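J.: File start.cif below, mmCIF, C-alpha atoms and all ligand atoms:
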data_upload
loop_
_atom_site.label_atom_id
_atom_site.label_comp_id
_atom_site.auth_asym_id
_atom_site.auth_seq_id
_atom_site.Cartn_x
_atom_site.Cartn_y
_atom_site.Cartn_z
CA MET A 1 1.71 -22.67 -12.76
CA ALA A 2 3.36 -19.38 -13.57
CA ILE A 3 4.69 -20.12 -17.10
CA ASP A 4 3.22 -21.52 -20.31
CA ALA A 5 4.08 -24.69 -22.22
CA THR A 6 6.38 -22.87 -24.67
CA THR A 7 8.46 -21.44 -21.83
CA ILE A 8 8.59 -24.85 -20.11
CA ARG A 9 10.00 -26.39 -23.30
CA ALA A 10 12.52 -23.56 -23.70
CA VAL A 11 13.80 -23.85 -20.12
CA ALA A 12 14.04 -27.65 -20.41
CA ARG A 13 16.04 -27.25 -23.63
CA ARG A 14 18.43 -24.84 -21.89
CA LEU A 15 19.00 -27.28 -19.00
CA ASP A 16 19.38 -30.22 -21.36
CA ASP A 17 21.94 -28.33 -23.47
CA ALA A 18 23.86 -27.34 -20.33
CA ALA A 19 24.02 -31.00 -19.28
CA ARG A 20 25.09 -32.22 -22.71
CA GLN A 21 27.69 -29.51 -23.21
CA GLY A 22 28.99 -29.66 -19.64
CA GLN A 23 28.45 -25.90 -19.22
CA ALA A 24 26.97 -24.38 -16.07
CA ILE A 25 24.10 -21.92 -16.46
CA GLU A 26 22.41 -19.34 -14.27
CA GLN A 27 19.73 -20.60 -11.87
CA VAL A 28 16.37 -20.51 -13.68
CA THR A 29 14.67 -18.54 -10.88
CA VAL A 30 17.09 -15.61 -11.35
CA GLN A 31 15.33 -14.60 -14.59
CA MET A 32 11.98 -16.10 -13.58
CA PRO A 33 11.47 -15.62 -9.82
CA GLU A 34 7.76 -16.40 -10.26
CA LEU A 35 8.42 -20.07 -11.14
CA ASP A 36 6.65 -22.48 -8.79
CA LEU A 37 7.09 -26.15 -7.98
CA ASP A 38 4.46 -27.20 -10.55
CA ASP A 39 6.44 -25.39 -13.25
CA ALA A 40 9.63 -27.05 -12.02
CA TYR A 41 8.14 -30.55 -12.23
CA ALA A 42 6.72 -29.75 -15.67
CA ILE A 43 10.24 -28.71 -16.81
CA GLN A 44 11.59 -31.95 -15.31
CA ALA A 45 8.96 -34.00 -17.19
CA GLN A 46 9.98 -32.20 -20.39
CA LEU A 47 13.64 -33.12 -19.74
CA ALA A 48 12.56 -36.78 -19.49
CA ALA A 49 10.60 -36.38 -22.74
CA LEU A 50 13.78 -35.10 -24.46
CA ARG A 51 15.66 -38.21 -23.27
CA ILE A 52 12.87 -40.48 -24.51
CA ALA A 53 12.86 -38.65 -27.87
CA ARG A 54 16.58 -39.49 -28.16
CA GLY A 55 15.78 -43.17 -27.64
CA GLU A 56 16.56 -43.40 -23.93
CA ARG A 57 14.38 -45.36 -21.51
CA ILE A 58 13.37 -43.98 -18.13
CA ALA A 59 14.85 -46.44 -15.62
CA GLY A 60 13.27 -45.15 -12.43
CA VAL A 61 13.40 -42.29 -9.97
CA LYS A 62 15.72 -40.76 -7.41
CA MET A 63 14.83 -39.12 -4.16
CA GLY A 64 16.55 -35.97 -2.95
CA PHE A 65 17.08 -34.41 0.46
CA THR A 66 15.96 -37.46 2.41
CA SER A 67 18.82 -37.05 4.91
CA ARG A 68 19.83 -34.22 7.21
CA ALA A 69 23.38 -34.47 5.88
CA LYS A 70 22.13 -33.49 2.40
CA MET A 71 19.67 -30.86 3.60
CA ARG A 72 22.41 -29.20 5.63
CA GLN A 73 24.94 -29.38 2.79
CA MET A 74 22.62 -27.86 0.16
CA GLY A 75 20.34 -25.65 2.28
CA VAL A 76 17.18 -27.29 0.90
CA SER A 77 14.86 -29.16 3.26
CA ASP A 78 11.97 -30.22 0.99
CA LEU A 79 11.80 -33.78 -0.28
CA ILE A 80 12.12 -33.85 -4.05
CA TRP A 81 12.35 -36.46 -6.76
CA GLY A 82 13.95 -36.72 -10.16
CA ARG A 83 13.96 -39.20 -13.02
CA LEU A 84 16.72 -41.67 -13.86
CA GLY A 85 17.49 -42.29 -17.52
CA ALA A 86 18.78 -45.76 -18.41
CA GLY A 87 21.78 -44.03 -19.99
CA MET A 88 22.78 -42.62 -16.60
CA GLU A 89 23.73 -46.07 -15.29
CA LEU A 90 27.42 -46.92 -15.07
CA PRO A 91 28.34 -50.55 -14.49
CA ASP A 92 30.13 -51.32 -11.23
CA GLY A 93 33.86 -50.76 -11.82
CA ALA A 94 33.31 -48.50 -14.85
CA VAL A 95 35.17 -45.32 -15.77
CA PHE A 96 33.35 -42.00 -15.46
CA ASP A 97 34.61 -39.44 -17.97
CA MET A 98 34.64 -36.08 -16.19
CA SER A 99 35.18 -34.10 -19.37
CA THR A 100 31.46 -34.52 -20.03
CA ALA A 101 30.48 -33.18 -16.60
CA ILE A 102 30.38 -29.75 -14.93
CA HIS A 103 31.26 -30.18 -11.26
CA PRO A 104 30.20 -33.72 -10.37
CA ARG A 105 29.87 -35.04 -6.83
CA VAL A 106 29.31 -38.54 -5.49
CA GLU A 107 27.11 -39.79 -2.67
CA THR A 108 26.36 -43.14 -1.05
CA GLU A 109 22.81 -44.43 -1.36
CA LEU A 110 20.57 -47.47 -1.18
CA ALA A 111 18.56 -48.48 -4.22
CA PHE A 112 15.48 -50.62 -4.63
CA ILE A 113 14.32 -52.55 -7.66
CA LEU A 114 10.55 -52.92 -7.72
CA ARG A 115 8.58 -56.02 -8.56
CA ARG A 116 5.21 -54.26 -8.34
CA PRO A 117 4.00 -50.79 -9.26
CA LEU A 118 3.56 -48.26 -6.45
CA CYS A 119 1.58 -45.06 -6.54
CA GLY A 120 0.26 -42.63 -3.97
CA PRO A 121 0.37 -43.07 -0.20
CA VAL A 122 1.32 -46.68 0.61
CA SER A 123 1.82 -48.56 3.89
CA THR A 124 5.19 -49.91 5.00
CA THR A 125 3.92 -53.43 4.23
CA GLU A 126 2.82 -52.45 0.71
CA ALA A 127 6.18 -50.74 0.10
CA ARG A 128 8.17 -53.71 1.38
CA ASN A 129 6.11 -56.17 -0.67
CA ALA A 130 6.75 -54.13 -3.80
CA ILE A 131 10.55 -54.53 -3.51
CA GLU A 132 12.30 -57.14 -5.62
CA ALA A 133 15.80 -56.36 -4.34
CA VAL A 134 17.77 -53.89 -2.28
CA LEU A 135 21.19 -52.78 -3.58
CA PRO A 136 24.07 -50.60 -2.43
CA ALA A 137 24.42 -47.64 -4.79
CA LEU A 138 26.52 -44.62 -5.64
CA GLU A 139 24.90 -41.57 -7.16
CA ILE A 140 26.76 -39.01 -9.25
CA ILE A 141 25.05 -35.63 -9.06
CA ASP A 142 26.07 -32.68 -11.22
CA SER A 143 24.00 -29.53 -10.85
CA ARG A 144 23.70 -27.68 -14.13
CA TYR A 145 23.76 -24.45 -12.11
CA ARG A 146 26.73 -22.22 -11.54
CA ASP A 147 28.54 -22.88 -8.25
CA PHE A 148 26.27 -25.88 -7.52
CA ARG A 149 23.79 -23.46 -5.92
CA PHE A 150 20.02 -23.50 -6.22
CA ASN A 151 16.69 -23.25 -4.42
CA VAL A 152 14.13 -26.04 -4.41
CA VAL A 153 12.40 -24.85 -7.62
CA ASP A 154 15.72 -24.62 -9.48
CA VAL A 155 16.87 -28.08 -8.44
CA VAL A 156 13.55 -29.78 -9.26
CA ALA A 157 13.61 -28.17 -12.73
CA ASP A 158 17.17 -29.51 -13.10
CA ASN A 159 15.97 -33.09 -12.51
CA ALA A 160 17.34 -33.12 -8.96
CA SER A 161 20.93 -32.78 -10.26
CA ALA A 162 20.78 -36.38 -11.57
CA ARG A 163 23.82 -37.33 -13.66
CA GLY A 164 24.70 -40.99 -13.06
CA PHE A 165 24.42 -43.96 -10.77
CA VAL A 166 26.18 -47.24 -10.06
CA LEU A 167 24.44 -50.24 -8.52
CA GLY A 168 26.10 -53.00 -6.50
CA GLU A 169 24.96 -56.59 -6.00
CA PRO A 170 21.23 -57.06 -5.35
CA ALA A 171 20.17 -58.59 -2.03
CA SER A 172 16.85 -59.96 -0.85
CA ALA A 173 14.29 -57.38 0.18
CA ARG A 174 13.59 -59.53 3.23
CA MET A 175 16.87 -58.52 4.86
CA ASP A 176 16.90 -55.82 7.52
CA PHE A 177 18.33 -52.75 5.76
CA SER A 178 17.12 -50.22 8.34
CA ASN A 179 20.49 -49.40 9.88
CA LEU A 180 23.43 -50.44 7.70
CA GLY A 181 26.80 -48.75 8.07
CA MET A 182 27.90 -46.94 4.88
CA VAL A 183 31.42 -45.77 4.09
CA LEU A 184 32.55 -43.72 1.08
CA HIS A 185 36.20 -43.93 0.03
CA LEU A 186 38.12 -41.72 -2.36
CA ASP A 187 41.48 -43.18 -3.38
CA GLY A 188 41.31 -45.52 -0.41
CA GLN A 189 40.68 -42.73 2.13
CA VAL A 190 37.44 -42.67 4.09
CA VAL A 191 35.67 -39.41 3.14
CA GLN A 192 32.14 -39.97 4.50
CA THR A 193 30.55 -42.39 6.94
CA GLY A 194 26.89 -42.82 7.76
CA SER A 195 24.03 -45.24 8.17
CA SER A 196 21.08 -46.16 6.01
CA ALA A 197 18.96 -45.00 8.97
CA ALA A 198 19.93 -41.44 7.98
CA ILE A 199 17.52 -41.82 5.02
CA LEU A 200 14.29 -40.56 6.62
CA GLY A 201 14.91 -42.75 9.68
CA HIS A 202 14.43 -45.87 7.51
CA PRO A 203 15.23 -46.21 3.78
CA LEU A 204 11.83 -47.79 3.18
CA ARG A 205 10.41 -44.34 3.87
CA GLY A 206 12.44 -43.06 0.91
CA LEU A 207 10.50 -45.49 -1.27
CA MET A 208 7.17 -44.60 0.35
CA GLU A 209 7.83 -40.91 -0.24
CA ALA A 210 8.79 -41.62 -3.86
CA ALA A 211 5.43 -43.38 -4.33
CA ARG A 212 3.58 -40.53 -2.65
CA LEU A 213 5.31 -37.80 -4.69
CA ALA A 214 4.82 -39.76 -7.93
CA GLY A 215 1.12 -40.07 -7.12
CA GLU A 216 0.84 -36.33 -6.49
CA ARG A 217 2.31 -35.68 -9.94
CA GLY A 218 0.12 -38.16 -11.82
CA ALA A 219 2.98 -40.65 -12.20
CA ARG A 220 3.53 -44.20 -10.98
CA LEU A 221 6.57 -46.24 -9.98
CA GLU A 222 6.61 -49.28 -12.24
CA ALA A 223 7.64 -52.91 -11.76
CA GLY A 224 11.29 -53.28 -12.78
CA GLU A 225 12.10 -49.67 -12.01
CA ILE A 226 14.97 -48.50 -9.83
CA VAL A 227 14.38 -46.14 -6.92
CA LEU A 228 17.36 -44.37 -5.39
CA ALA A 229 16.27 -43.67 -1.81
CA GLY A 230 18.54 -40.64 -1.30
CA ALA A 231 22.02 -40.06 0.03
CA ALA A 232 22.84 -41.11 3.58
CA THR A 233 25.89 -38.83 3.68
CA ALA A 234 26.90 -35.47 2.24
CA ALA A 235 28.13 -35.49 -1.37
CA VAL A 236 31.85 -35.31 -2.15
CA ALA A 237 33.38 -33.51 -5.15
CA LEU A 238 34.98 -35.74 -7.77
CA ARG A 239 38.28 -35.02 -9.47
CA PRO A 240 39.78 -36.72 -12.50
CA GLY A 241 41.93 -39.77 -11.90
CA CYS A 242 40.46 -40.99 -8.66
CA HIS A 243 39.00 -44.24 -7.48
CA VAL A 244 35.67 -44.03 -5.70
CA SER A 245 34.22 -46.87 -3.70
CA ALA A 246 31.48 -47.43 -1.17
CA THR A 247 31.01 -50.21 1.32
CA VAL A 248 27.57 -50.89 2.70
CA GLN A 249 27.34 -53.27 5.63
CA SER A 250 25.86 -56.66 4.62
CA LEU A 251 25.42 -55.48 1.01
CA GLY A 252 29.02 -55.22 -0.11
CA ARG A 253 31.23 -52.91 -2.07
CA LEU A 254 30.96 -51.06 -5.38
CA GLY A 255 32.87 -48.34 -7.14
CA PHE A 256 34.13 -46.55 -10.22
CA THR A 257 37.13 -44.65 -11.49
CA THR A 258 37.19 -41.11 -12.88
CA THR A 259 39.17 -39.87 -15.81
C1 LIG B 1 20.24 -32.44 -5.33
C2 LIG B 1 20.06 -33.93 -5.30
C3 LIG B 1 19.92 -34.48 -3.89
C4 LIG B 1 20.10 -36.64 -2.51
O1 LIG B 1 20.43 -37.82 -2.49
O2 LIG B 1 19.74 -36.03 -1.50
C5 LIG B 1 20.14 -35.93 -3.83
C6 LIG B 1 21.66 -32.00 -5.05
O3 LIG B 1 22.13 -32.16 -3.93
O4 LIG B 1 22.28 -31.44 -5.96
O5 LIG B 1 20.41 -36.60 -4.80
MG MG B 2 21.20 -38.56 -4.32
#
Show how you would write the structure in this file as structure tokens.
T.:
Amino acid sequence: MAIDATTIRAVARRLDDAARQGQAIEQVTVQMPELDLDDAYAIQAQLAALRIARGERIAGVKMGFTSRAKMRQMGVSDLIWGRLGAGMELPDGAVFDMSTAIHPRVETELAFILRRPLCGPVSTTEARNAIEAVLPALEIIDSRYRDFRFNVVDVVADNASARGFVLGEPASARMDFSNLGMVLHLDGQVVQTGSSAAILGHPLRGLMEAARLAGERGARLEAGEIVLAGAATAAVALRPGCHVSATVQSLGRLGFTTT
């Protein structure tokens, strides 16, 4: 760790204010190039503590940079994770008010709901047995940093750009979700296509990596929690007044509208 607890709280407050005011800020490593990944995760934990202090529940975790499409788009190739607040969830078909965002983007994902806790390195069998349901999902990311640019330390400190998520209909975890076609539409036009196999070769690996990273940070994935396995395609910029939908083979369709 390169910074003390007071600085961690101050940086978290700055990122939290930026998110709540919809105002981009300078990347945290510009002023503090010495920040390391431990500092970044400590800032992220402090952001979660601020949400909890406001009465929000932590609903689960999200994985980042689990696909080549995302690594290439953002120039970051380390696996990261962030925390999902219950208040980030939008119901399927809801309206997303862009006036409260900075420069939001949307990406197509798979989500898992857990029926058992997971922590540390786990086998594929343990991971599969811990899943209650698999769901098609859309994630809204909105980097708090100017120009949506960051390095890995910046983006971890910024809770992996988490802003919102929409879940579709749950399906049985026994289905084969290893290679499902995924299509993202904006106003009825296809803007991204991919496969769930783009998520670390198999989306289950997204969950296994989430468990491993949580374990490394003294955390645990809990029963009932949501895990977003990471985007299968590059993210697409949102604009007000558009309809966003995703279709995931065998899992169905979900979407939202922006205003
Ligand atoms: C960071 C979040 C990455 C994913 O699915 O890979 C992510 C970002 O791209 O701003 O959510
Ligand atoms: Mg994502």
J.: Taking only C-alpha atoms and all ligand atoms into account, which residues have an atom no farther than 10 Å from ligand MG 2 (chain B)? I'd like them as a PyMOL selection string.
T.: chain A and resi 62-67+70+81-82+105-110+137-141+160-165+228-235
J.: Please write as a count of residues only the list of polymer residues whose atoms come within 12 Å of (4.4, -39.9, -5.0), counting only C-alpha atoms and keeping to the coordinates of the file.
T.: 31
J.: When you count only C-alpha atoms, which of these residues is closest to A:Cys242: A:Glu56, A:Asp97, A:Glu126, A:Asp158?
T.: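 Among the listed residues, A:Asp97 lies closest to A:Cys242.
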J.: Could you produce a table of the residues of stretch 117-191 of chain A lying within 12 Å of stretch 37-40 of chain A, with the nearest pair of atoms per residue and their separation in Å rounded to one decimal, using only C-alpha atoms, ordered by chain and increasing residue number, as a tab-separated table?
T.:
residue	atom	partner	partner_atom	distance
A:Asn151	CA	A:Leu37	CA	10.6
A:Val152	CA	A:Leu37	CA	7.9
A:Val153	CA	A:Leu37	CA	5.5
A:Asp154	CA	A:Ala40	CA	7.0
A:Val155	CA	A:Ala40	CA	8.1
A:Val156	CA	A:Ala40	CA	5.5
A:Ala157	CA	A:Ala40	CA	4.2
A:Asp158	CA	A:Ala40	CA	8.0
A:Asn159	CA	A:Ala40	CA	8.8
A:Ala160	CA	A:Ala40	CA	10.3
J.: What's the 7 Å shell around A:Ser178, counting only C-alpha atoms, without same-chain residues fewer than 2 positions away, as a VMD selection string?
T.: chain A and resid 176 180 196 to 197 202 to 203
J.: Report the distance between atom CA of A:Gly60 and atom CA of A:Leu135 in Å, rounded to one decimal place.
T.: 14.1 Å
J.: Find the residues around stretch 26-36 of chain A up to 8 Å (all atoms listed in the file counted), leave out those fewer than 4 positions away in its own chain, and share them as a ChimeraX atom specification.
T.: /A:1-3,11,40,145-146,149-150,153-154
J.: For ligand LIG 1 (chain B), I'd like the enclosing box, axis-aligned and padded by 6 Å on every side, reported as lines of an AutoDock Vina configuration file with centre and edge lengths in Å to one decimal.
T.:
center_x = 21.0
center_y = -34.6
center_z = -3.7
size_x = 14.5
size_y = 18.4
size_z = 16.5
J.: With only C-alpha atoms as the atoms that count, which of A:Gly241, A:Phe112, A:Arg72, A:Ala49 lies nearest to A:Gly85?
T.: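 Comparing A:Gly241, A:Phe112, A:Arg72, A:Ala49 against A:Gly85, the winner is A:Ala49.
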J.: So the first atom is atom CA of A:Thr193 and the second is atom CA of A:Arg253; what is the distance between them in Å, to one decimal place?
T.: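 Atom-to-atom, atom CA of A:Thr193 to atom CA of A:Arg253, that is 13.9 Å.
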J.: Find the residues around A:Ser99 up to 10 Å (all atoms listed in the file counted), leave out those fewer than 2 positions away in its own chain, and share them as a ChimeraX atom specification.
T.: /A:21-22,96-97,101-103,240,258-259
J.: Which one is closest to A:Gly188: A:Val244, A:Ala24, A:Met88, A:Met98? Count only C-alpha atoms.
T.: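 Ranking A:Val244, A:Ala24, A:Met88, A:Met98 by distance to A:Gly188, first place goes to A:Val244.
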J.: Return the single residue from A:Ile25, A:Ala86, A:Leu251, A:Ala69 that is closest to ligand LIG 1 (chain B), with distances computed using all atoms listed in the file.
T.: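 When distances to ligand LIG 1 (chain B) are compared using all atoms listed in the file, the smallest one comes from A:Ala69.
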J.: For ligand LIG 1 (chain B), which residue among A:Arg83, A:Arg14, A:Arg128, A:His185 is the nearest when counting only C-alpha atoms and all ligand atoms?
T.: A:Arg83
J.: Kindly indicate which residue among A:Glu132, A:Asp92, A:Glu225, A:Asp78 lies nearest to ligand LIG 1 (chain B), using only C-alpha atoms and all ligand atoms for the distances.
T.: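 Counting only C-alpha atoms and all ligand atoms, the residue closest to ligand LIG 1 (chain B) is A:Asp78.
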J.: To one decimal place, how far is atom C2 of ligand LIG 1 (chain B) from atom CA of A:Val183 in Å?
T.: 18.9 Å
